[in-house]
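The data block below is structure.cif; it holds mmCIF, N, CA and C atoms.
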```cif
data_entry
#
loop_
_atom_site.label_atom_id
_atom_site.label_comp_id
_atom_site.auth_asym_id
_atom_site.auth_seq_id
_atom_site.Cartn_x
_atom_site.Cartn_y
_atom_site.Cartn_z
N LEU F 1 115.71 107.58 111.67
CA LEU F 1 117.13 107.86 111.76
C LEU F 1 117.83 107.69 110.41
N LEU F 2 117.58 106.58 109.73
CA LEU F 2 118.35 106.28 108.51
C LEU F 2 118.11 107.23 107.35
N PRO F 3 116.92 107.84 107.20
CA PRO F 3 116.79 108.79 106.09
C PRO F 3 117.77 109.95 106.16
N GLU F 4 118.23 110.27 107.36
CA GLU F 4 119.15 111.39 107.54
C GLU F 4 120.62 110.99 107.36
N VAL F 5 120.86 109.69 107.20
CA VAL F 5 122.24 109.18 107.09
C VAL F 5 122.58 108.99 105.62
N ALA F 6 123.80 109.38 105.25
CA ALA F 6 124.25 109.20 103.87
C ALA F 6 124.21 107.71 103.52
N LYS F 7 123.80 107.42 102.30
CA LYS F 7 123.60 106.03 101.87
C LYS F 7 124.79 105.11 102.18
N PRO F 8 126.02 105.51 101.90
CA PRO F 8 127.14 104.59 102.15
C PRO F 8 127.31 104.21 103.63
N GLU F 9 126.78 105.03 104.52
CA GLU F 9 126.96 104.79 105.96
C GLU F 9 125.74 104.15 106.63
N ARG F 10 124.65 103.99 105.89
CA ARG F 10 123.41 103.50 106.50
C ARG F 10 123.55 102.11 107.11
N ALA F 11 124.18 101.20 106.40
CA ALA F 11 124.29 99.83 106.92
C ALA F 11 125.03 99.81 108.25
N GLU F 12 126.11 100.56 108.34
CA GLU F 12 126.88 100.58 109.59
C GLU F 12 126.06 101.19 110.73
N VAL F 13 125.35 102.24 110.46
CA VAL F 13 124.50 102.85 111.49
C VAL F 13 123.42 101.86 111.92
N ALA F 14 122.80 101.19 110.96
CA ALA F 14 121.77 100.19 111.28
C ALA F 14 122.37 99.09 112.15
N ARG F 15 123.54 98.65 111.82
CA ARG F 15 124.21 97.59 112.57
C ARG F 15 124.44 98.02 114.03
N GLN F 16 124.71 99.31 114.22
CA GLN F 16 124.98 99.83 115.57
C GLN F 16 123.72 99.99 116.41
N VAL F 17 122.60 100.30 115.78
CA VAL F 17 121.40 100.63 116.57
C VAL F 17 120.37 99.50 116.65
N LEU F 18 120.51 98.49 115.81
CA LEU F 18 119.53 97.39 115.80
C LEU F 18 120.12 96.14 116.44
N PRO F 19 119.26 95.29 117.00
CA PRO F 19 119.75 94.03 117.58
C PRO F 19 120.45 93.19 116.50
N PRO F 20 121.55 92.53 116.86
CA PRO F 20 122.34 91.79 115.87
C PRO F 20 121.55 90.73 115.11
N GLU F 21 120.60 90.10 115.76
CA GLU F 21 119.87 89.00 115.11
C GLU F 21 118.87 89.48 114.06
N VAL F 22 118.53 90.76 114.06
CA VAL F 22 117.53 91.25 113.09
C VAL F 22 118.00 92.42 112.25
N TRP F 23 119.18 92.93 112.53
CA TRP F 23 119.57 94.18 111.89
C TRP F 23 119.54 94.09 110.36
N GLN F 24 120.02 93.01 109.79
CA GLN F 24 120.10 92.91 108.33
C GLN F 24 118.69 92.90 107.71
N GLU F 25 117.80 92.12 108.26
CA GLU F 25 116.43 92.06 107.74
C GLU F 25 115.73 93.42 107.84
N VAL F 26 115.86 94.06 108.98
CA VAL F 26 115.24 95.38 109.17
C VAL F 26 115.89 96.40 108.25
N PHE F 27 117.20 96.37 108.17
CA PHE F 27 117.91 97.31 107.30
C PHE F 27 117.47 97.15 105.85
N ASP F 28 117.39 95.92 105.37
CA ASP F 28 116.98 95.68 103.98
C ASP F 28 115.60 96.26 103.70
N GLU F 29 114.69 96.10 104.65
CA GLU F 29 113.33 96.63 104.48
C GLU F 29 113.34 98.16 104.45
N VAL F 30 114.07 98.75 105.38
CA VAL F 30 114.15 100.21 105.43
C VAL F 30 114.82 100.75 104.17
N GLU F 31 115.87 100.11 103.75
CA GLU F 31 116.59 100.56 102.55
C GLU F 31 115.69 100.49 101.32
N ALA F 32 114.86 99.45 101.22
CA ALA F 32 113.93 99.35 100.09
C ALA F 32 112.95 100.52 100.08
N VAL F 33 112.50 100.94 101.25
CA VAL F 33 111.60 102.09 101.34
C VAL F 33 112.34 103.36 100.92
N LEU F 34 113.54 103.53 101.43
CA LEU F 34 114.32 104.73 101.11
C LEU F 34 114.72 104.81 99.65
N GLU F 35 114.86 103.67 99.00
CA GLU F 35 115.26 103.63 97.59
C GLU F 35 114.06 103.67 96.63
N ALA F 36 112.86 103.56 97.15
CA ALA F 36 111.66 103.56 96.30
C ALA F 36 111.38 104.99 95.83
N THR F 37 111.63 105.26 94.57
CA THR F 37 111.51 106.63 94.07
C THR F 37 110.09 107.19 94.21
N HIS F 38 109.09 106.32 94.19
CA HIS F 38 107.71 106.82 94.34
C HIS F 38 107.43 107.31 95.77
N LEU F 39 108.37 107.06 96.69
CA LEU F 39 108.21 107.53 98.07
C LEU F 39 109.14 108.70 98.41
N ASP F 40 109.90 109.16 97.44
CA ASP F 40 110.85 110.26 97.69
C ASP F 40 110.20 111.46 98.36
N PHE F 41 108.98 111.79 97.96
CA PHE F 41 108.31 112.96 98.50
C PHE F 41 108.17 112.89 100.03
N ALA F 42 108.07 111.69 100.59
CA ALA F 42 107.89 111.52 102.03
C ALA F 42 109.18 111.79 102.81
N PHE F 43 110.29 111.87 102.10
CA PHE F 43 111.57 112.10 102.76
C PHE F 43 112.19 113.44 102.35
N ALA F 44 111.38 114.29 101.74
CA ALA F 44 111.86 115.61 101.33
C ALA F 44 112.22 116.43 102.57
N PRO F 45 113.17 117.35 102.43
CA PRO F 45 113.64 118.13 103.59
C PRO F 45 112.54 118.92 104.30
N GLU F 46 111.53 119.35 103.57
CA GLU F 46 110.48 120.17 104.19
C GLU F 46 109.40 119.36 104.90
N VAL F 47 109.44 118.06 104.79
CA VAL F 47 108.45 117.20 105.44
C VAL F 47 108.72 117.16 106.94
N LEU F 48 107.66 117.30 107.73
CA LEU F 48 107.79 117.25 109.18
C LEU F 48 107.84 115.78 109.62
N VAL F 49 108.69 115.50 110.59
CA VAL F 49 108.95 114.13 111.02
C VAL F 49 108.55 113.94 112.48
N GLU F 50 107.87 112.82 112.76
CA GLU F 50 107.45 112.45 114.11
C GLU F 50 106.77 113.62 114.81
N VAL F 51 105.67 114.05 114.23
CA VAL F 51 104.94 115.22 114.69
C VAL F 51 103.96 114.83 115.80
N PRO F 52 104.14 115.38 117.01
CA PRO F 52 103.17 115.08 118.06
C PRO F 52 101.85 115.80 117.75
N VAL F 53 100.76 115.12 118.02
CA VAL F 53 99.45 115.72 117.79
C VAL F 53 98.54 115.35 118.95
N THR F 54 97.80 116.32 119.42
CA THR F 54 96.80 116.10 120.46
C THR F 54 95.60 116.98 120.14
N ALA F 55 94.43 116.44 120.42
CA ALA F 55 93.21 117.20 120.14
C ALA F 55 92.04 116.53 120.85
N ALA F 56 91.06 117.33 121.20
CA ALA F 56 89.79 116.80 121.70
C ALA F 56 88.92 116.56 120.46
N LEU F 57 88.43 115.35 120.29
CA LEU F 57 87.69 114.99 119.09
C LEU F 57 86.19 114.92 119.37
N PRO F 58 85.42 115.74 118.68
CA PRO F 58 83.96 115.68 118.86
C PRO F 58 83.40 114.29 118.55
N GLN F 59 84.04 113.59 117.59
CA GLN F 59 83.58 112.25 117.22
C GLN F 59 83.69 111.27 118.39
N LEU F 60 84.51 111.60 119.37
CA LEU F 60 84.72 110.73 120.53
C LEU F 60 84.21 111.38 121.81
N GLY F 61 83.19 112.22 121.67
CA GLY F 61 82.63 112.89 122.84
C GLY F 61 83.63 113.83 123.49
N ASP F 62 84.45 114.46 122.67
CA ASP F 62 85.50 115.39 123.10
C ASP F 62 86.62 114.73 123.90
N ALA F 63 86.72 113.41 123.80
CA ALA F 63 87.88 112.73 124.41
C ALA F 63 89.13 113.23 123.70
N ARG F 64 90.20 113.35 124.46
CA ARG F 64 91.47 113.86 123.92
C ARG F 64 92.31 112.69 123.43
N ILE F 65 92.85 112.86 122.22
CA ILE F 65 93.77 111.86 121.68
C ILE F 65 95.18 112.44 121.71
N LEU F 66 96.14 111.55 121.77
CA LEU F 66 97.54 111.93 121.72
C LEU F 66 98.23 110.94 120.80
N GLY F 67 98.95 111.44 119.83
CA GLY F 67 99.62 110.56 118.89
C GLY F 67 100.88 111.21 118.34
N ARG F 68 101.54 110.47 117.48
CA ARG F 68 102.75 110.95 116.81
C ARG F 68 102.67 110.52 115.35
N ILE F 69 102.57 111.51 114.48
CA ILE F 69 102.46 111.26 113.04
C ILE F 69 103.87 111.10 112.48
N ASP F 70 104.12 109.98 111.81
CA ASP F 70 105.47 109.69 111.32
C ASP F 70 105.97 110.74 110.33
N ARG F 71 105.13 111.10 109.38
CA ARG F 71 105.49 112.11 108.37
C ARG F 71 104.28 112.99 108.11
N LEU F 72 104.50 114.29 108.05
CA LEU F 72 103.43 115.24 107.75
C LEU F 72 103.88 116.10 106.57
N VAL F 73 103.19 115.92 105.45
CA VAL F 73 103.51 116.63 104.22
C VAL F 73 102.49 117.75 104.07
N ILE F 74 102.96 118.98 104.13
CA ILE F 74 102.06 120.13 104.07
C ILE F 74 102.35 120.92 102.80
N SER F 75 101.30 121.11 102.01
CA SER F 75 101.42 121.94 100.81
C SER F 75 100.40 123.08 100.93
N LYS F 76 100.32 123.88 99.90
CA LYS F 76 99.45 125.06 99.94
C LYS F 76 98.00 124.69 100.24
N ASN F 77 97.50 123.62 99.65
CA ASN F 77 96.09 123.27 99.80
C ASN F 77 95.82 121.96 100.52
N GLU F 78 96.88 121.24 100.90
CA GLU F 78 96.68 119.88 101.40
C GLU F 78 97.64 119.54 102.53
N VAL F 79 97.16 118.69 103.42
CA VAL F 79 97.99 118.11 104.47
C VAL F 79 97.86 116.59 104.33
N LEU F 80 98.99 115.92 104.27
CA LEU F 80 99.00 114.46 104.16
C LEU F 80 99.73 113.89 105.37
N ALA F 81 99.01 113.12 106.18
CA ALA F 81 99.59 112.43 107.33
C ALA F 81 99.95 111.02 106.89
N ILE F 82 101.20 110.65 107.09
CA ILE F 82 101.68 109.32 106.69
C ILE F 82 102.18 108.59 107.92
N ASP F 83 101.79 107.34 108.04
CA ASP F 83 102.30 106.48 109.10
C ASP F 83 103.00 105.30 108.45
N PHE F 84 104.11 104.87 109.03
CA PHE F 84 104.80 103.66 108.56
C PHE F 84 104.24 102.47 109.32
N LYS F 85 103.99 101.38 108.60
CA LYS F 85 103.54 100.14 109.22
C LYS F 85 104.39 99.00 108.68
N SER F 86 104.85 98.15 109.59
CA SER F 86 105.74 97.06 109.21
C SER F 86 105.02 95.70 109.19
N ASN F 87 103.70 95.72 109.15
CA ASN F 87 102.93 94.47 109.10
C ASN F 87 103.46 93.57 107.98
N ARG F 88 103.55 92.29 108.24
CA ARG F 88 104.00 91.35 107.23
C ARG F 88 102.89 91.05 106.23
N GLU F 89 101.65 91.09 106.69
CA GLU F 89 100.51 90.93 105.78
C GLU F 89 100.01 92.31 105.41
N VAL F 90 100.20 92.66 104.16
CA VAL F 90 99.80 93.97 103.67
C VAL F 90 98.45 93.83 102.97
N PRO F 91 97.47 94.62 103.39
CA PRO F 91 96.16 94.50 102.76
C PRO F 91 96.20 94.94 101.30
N ASP F 92 95.32 94.35 100.51
CA ASP F 92 95.24 94.71 99.09
C ASP F 92 94.50 96.02 98.86
N THR F 93 93.59 96.35 99.79
CA THR F 93 92.81 97.58 99.65
C THR F 93 92.83 98.35 100.96
N ALA F 94 92.54 99.63 100.89
CA ALA F 94 92.47 100.45 102.10
C ALA F 94 91.40 99.93 103.05
N GLU F 95 90.30 99.47 102.50
CA GLU F 95 89.19 98.99 103.31
C GLU F 95 89.56 97.72 104.09
N ALA F 96 90.55 96.99 103.62
CA ALA F 96 90.99 95.77 104.29
C ALA F 96 92.09 96.04 105.33
N THR F 97 92.43 97.29 105.51
CA THR F 97 93.42 97.68 106.51
C THR F 97 92.88 97.34 107.90
N PRO F 98 93.72 96.85 108.80
CA PRO F 98 93.26 96.54 110.15
C PRO F 98 92.53 97.72 110.80
N GLU F 99 91.47 97.38 111.50
CA GLU F 99 90.58 98.38 112.12
C GLU F 99 91.35 99.37 113.00
N ALA F 100 92.28 98.90 113.80
CA ALA F 100 93.01 99.79 114.70
C ALA F 100 93.79 100.86 113.92
N ILE F 101 94.33 100.48 112.78
CA ILE F 101 95.08 101.44 111.96
C ILE F 101 94.11 102.46 111.35
N LEU F 102 92.98 101.99 110.87
CA LEU F 102 91.98 102.91 110.31
C LEU F 102 91.51 103.91 111.37
N ARG F 103 91.28 103.42 112.58
CA ARG F 103 90.86 104.32 113.67
C ARG F 103 91.95 105.34 114.00
N GLN F 104 93.18 104.86 114.07
CA GLN F 104 94.31 105.75 114.35
C GLN F 104 94.38 106.85 113.31
N MET F 105 94.32 106.48 112.05
CA MET F 105 94.45 107.47 110.99
C MET F 105 93.22 108.39 110.93
N GLY F 106 92.05 107.86 111.26
CA GLY F 106 90.85 108.69 111.35
C GLY F 106 90.99 109.72 112.45
N ALA F 107 91.57 109.32 113.58
CA ALA F 107 91.79 110.27 114.68
C ALA F 107 92.80 111.34 114.28
N TYR F 108 93.87 110.93 113.59
CA TYR F 108 94.85 111.92 113.11
C TYR F 108 94.18 112.91 112.16
N ALA F 109 93.38 112.39 111.24
CA ALA F 109 92.70 113.27 110.28
C ALA F 109 91.77 114.25 111.00
N ALA F 110 91.01 113.75 111.97
CA ALA F 110 90.08 114.61 112.70
C ALA F 110 90.83 115.70 113.47
N ALA F 111 91.98 115.36 114.02
CA ALA F 111 92.79 116.36 114.72
C ALA F 111 93.36 117.37 113.74
N LEU F 112 93.86 116.89 112.62
CA LEU F 112 94.48 117.81 111.64
C LEU F 112 93.47 118.76 111.01
N VAL F 113 92.23 118.33 110.86
CA VAL F 113 91.19 119.21 110.33
C VAL F 113 91.01 120.41 111.27
N GLN F 114 91.16 120.19 112.57
CA GLN F 114 91.05 121.29 113.52
C GLN F 114 92.24 122.25 113.40
N ILE F 115 93.40 121.70 113.12
CA ILE F 115 94.62 122.50 113.03
C ILE F 115 94.72 123.23 111.69
N TYR F 116 94.27 122.55 110.62
CA TYR F 116 94.35 123.09 109.26
C TYR F 116 92.95 123.14 108.63
N PRO F 117 92.07 124.01 109.13
CA PRO F 117 90.68 124.00 108.64
C PRO F 117 90.53 124.41 107.18
N ASP F 118 91.51 125.10 106.62
CA ASP F 118 91.41 125.57 105.24
C ASP F 118 92.13 124.67 104.24
N LYS F 119 92.58 123.51 104.69
CA LYS F 119 93.29 122.60 103.80
C LYS F 119 92.55 121.26 103.74
N THR F 120 92.74 120.56 102.64
CA THR F 120 92.24 119.19 102.51
C THR F 120 93.18 118.30 103.29
N VAL F 121 92.63 117.49 104.19
CA VAL F 121 93.44 116.58 105.00
C VAL F 121 93.29 115.17 104.45
N LYS F 122 94.43 114.53 104.21
CA LYS F 122 94.45 113.15 103.72
C LYS F 122 95.35 112.32 104.62
N THR F 123 95.14 111.01 104.57
CA THR F 123 95.99 110.10 105.32
C THR F 123 96.47 108.97 104.42
N ALA F 124 97.61 108.40 104.78
CA ALA F 124 98.16 107.29 104.00
C ALA F 124 99.07 106.46 104.90
N ILE F 125 99.27 105.22 104.46
CA ILE F 125 100.18 104.31 105.13
C ILE F 125 101.30 103.97 104.15
N ILE F 126 102.52 103.93 104.66
CA ILE F 126 103.60 103.32 103.89
C ILE F 126 103.83 101.95 104.53
N TRP F 127 103.47 100.92 103.77
CA TRP F 127 103.68 99.54 104.22
C TRP F 127 105.12 99.19 103.92
N THR F 128 105.95 99.13 104.95
CA THR F 128 107.39 98.97 104.74
C THR F 128 107.76 97.62 104.15
N HIS F 129 106.97 96.60 104.44
CA HIS F 129 107.29 95.26 103.94
C HIS F 129 107.28 95.20 102.42
N ARG F 130 106.48 96.07 101.79
CA ARG F 130 106.40 96.11 100.33
C ARG F 130 106.81 97.46 99.74
N ALA F 131 107.25 98.39 100.58
CA ALA F 131 107.56 99.75 100.14
C ALA F 131 106.39 100.30 99.32
N LYS F 132 105.19 100.18 99.90
CA LYS F 132 103.96 100.53 99.19
C LYS F 132 103.24 101.66 99.92
N LEU F 133 102.87 102.68 99.17
CA LEU F 133 102.06 103.77 99.71
C LEU F 133 100.59 103.46 99.44
N MET F 134 99.78 103.55 100.48
CA MET F 134 98.35 103.33 100.34
C MET F 134 97.60 104.51 100.94
N GLU F 135 96.94 105.28 100.07
CA GLU F 135 96.09 106.35 100.58
C GLU F 135 94.85 105.73 101.19
N LEU F 136 94.41 106.31 102.30
CA LEU F 136 93.22 105.82 102.98
C LEU F 136 92.08 106.81 102.73
N PRO F 137 90.99 106.36 102.12
CA PRO F 137 89.87 107.27 101.87
C PRO F 137 89.33 107.86 103.17
N GLU F 138 89.00 109.12 103.13
CA GLU F 138 88.45 109.82 104.29
C GLU F 138 87.25 109.07 104.86
N LYS F 139 86.37 108.63 103.98
CA LYS F 139 85.16 107.93 104.41
C LYS F 139 85.53 106.68 105.22
N THR F 140 86.52 105.95 104.79
CA THR F 140 86.93 104.71 105.46
C THR F 140 87.49 104.98 106.85
N THR F 141 88.35 105.99 106.98
CA THR F 141 88.96 106.26 108.28
C THR F 141 87.94 106.89 109.24
N TYR F 142 87.09 107.78 108.73
CA TYR F 142 86.09 108.39 109.61
C TYR F 142 85.05 107.38 110.07
N GLU F 143 84.68 106.45 109.20
CA GLU F 143 83.74 105.41 109.62
C GLU F 143 84.36 104.56 110.72
N ALA F 144 85.64 104.25 110.61
CA ALA F 144 86.32 103.48 111.66
C ALA F 144 86.37 104.27 112.96
N LEU F 145 86.65 105.56 112.87
CA LEU F 145 86.67 106.40 114.07
C LEU F 145 85.29 106.45 114.70
N ASN F 146 84.27 106.56 113.90
CA ASN F 146 82.90 106.60 114.42
C ASN F 146 82.50 105.28 115.06
N ARG F 147 83.08 104.17 114.62
CA ARG F 147 82.79 102.89 115.27
C ARG F 147 83.33 102.84 116.70
N VAL F 148 84.39 103.60 116.98
CA VAL F 148 84.90 103.70 118.34
C VAL F 148 83.83 104.34 119.22
N ALA F 149 83.25 105.43 118.73
CA ALA F 149 82.24 106.16 119.51
C ALA F 149 80.99 105.31 119.70
N ALA F 150 80.69 104.47 118.73
CA ALA F 150 79.48 103.65 118.81
C ALA F 150 79.65 102.46 119.75
N SER F 151 80.90 102.09 120.02
CA SER F 151 81.11 100.89 120.86
C SER F 151 81.16 101.21 122.34
#
```
What does the file become when written as structure tokens?
Amino acid sequence: LLPEVAKPERAEVARQVLPPEVWQEVFDEVEAVLEATHLDFAFAPEVLVEVPVTAALPQLGDARILGRIDRLVISKNEVLAIDFKSNREVPDTAEATPEAILRQMGAYAAALVQIYPDKTVKTAIIWTHRAKLMELPEKTTYEALNRVAAS
């Protein structure tokens, strides 16, 4: 919601939609993400927001997944799926990312490959607590997805 609100009005909108006991803390974190110039590309007008995705994944025995990708950046040769995570403990490396997140992003990547077979599909997390973008290597997310099938 807040990326679409003019900067001078964001605090008031946040105050209206968030619980009173946490609004300031949450607003400060969101504002830091919105003000981080290295993340501007994720809020560009052409970026797709909250994109529903569903697909039968061969990696999961054709089980169907259903998800919602926070931001989808599509260019001529590439698709980048971005998810926001508000974890207080931010991993130092992609490989240290919690398993559930790696599996989620692996599933998104596997679905997007079906939708965009002629594009390179990448995934990334924006860790809101640090306003940090972390690309997730394909190998790391697919290995996590394959661990679901193996279990």
- Query: For Pro52 of chain F, which residue out of F:Pro3, F:Pro20, F:Leu112, F:Glu95 is the nearest one, using only C-alpha atoms?
  - Reply: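 Looking at the shortest contact to Pro52 of chain F, the residue is F:Leu112.
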- Task: Quote the spacing between atom N of Leu57 of chain F and atom N of Ala107 of chain F in Å to one decimal place.
- Result: 9.6 Å
- Name every residue that the PyMOL selection byres ((chain F and resi 141) around 6.5) selects in this structure, writing the answer as a list in words with chains first and numbers rising.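 Going through the file, the PyMOL selection byres ((chain F and resi 141) around 6.5) ends up selecting Leu102, Arg103, Met105, Gly106, Ala107, Leu136, Pro137, Glu138, Lys139, Thr140, Tyr142, Glu143, Ala144, Leu145 and Asn146 of chain F.
The interatomic distance for the pair atom C of Glu78 of chain F and atom N of Ala150 of chain F works out to 27.9 Å.
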- How far is it from atom N of Asp28 of chain F to atom CA of Arg71 of chain F, in Å with one decimal?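 These two atoms are separated by 20.3 Å.
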- Contacts of Ile65 of chain F at 10 Å or less, counting only C-alpha atoms, minus same-chain residues fewer than 5 places along, as a list in words? Val53, Thr54, Ala55, Ala56, Leu57, Leu60, Gln104, Ala107, Tyr108 and Ala111 of chain F
- Item | Answer key for the PyMOL selection byres ((chain F and resi 43-47) around 6), residues as JSON, numbers by chain | {"F": [39, 40, 41, 42, 48, 49, 72, 73, 74]}
- Task: Give the helix (DSSP H, G or I) residues of chain F, as DSSP finds them on the backbone, and put them as a VMD selection string.
- Result: chain F and resid 2 to 4 7 to 17 23 to 35 37 to 43 58 to 60 94 to 96 99 to 115 138 to 150
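Counting only C-alpha atoms and comparing F:Arg147, F:Val113, F:Met134, F:Val121, the residue that lies closest to Glu99 of chain F is F:Arg147.
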- Task: Would you please extract all strand (DSSP E or B) residues from chain F, as assigned by DSSP on the backbone, and give them as number ranges by chain?
- Result: F: 48-57, 63-74, 78-85, 120-127, 132-136
- Item | Contacts of Asn77 of chain F at 12 Å (only C-alpha atoms; same-chain gap of 3+ positions) as a ChimeraX atom specification | /F:73-74,80,116-122
- Message: Here is a test: counting only N, CA and C atoms, which residue of F:Gln114, F:Pro98, F:Ile69, F:His129 is nearest to Ser86 of chain F?
- Response: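 The shortest atom-to-atom distance to Ser86 of chain F comes from F:His129.
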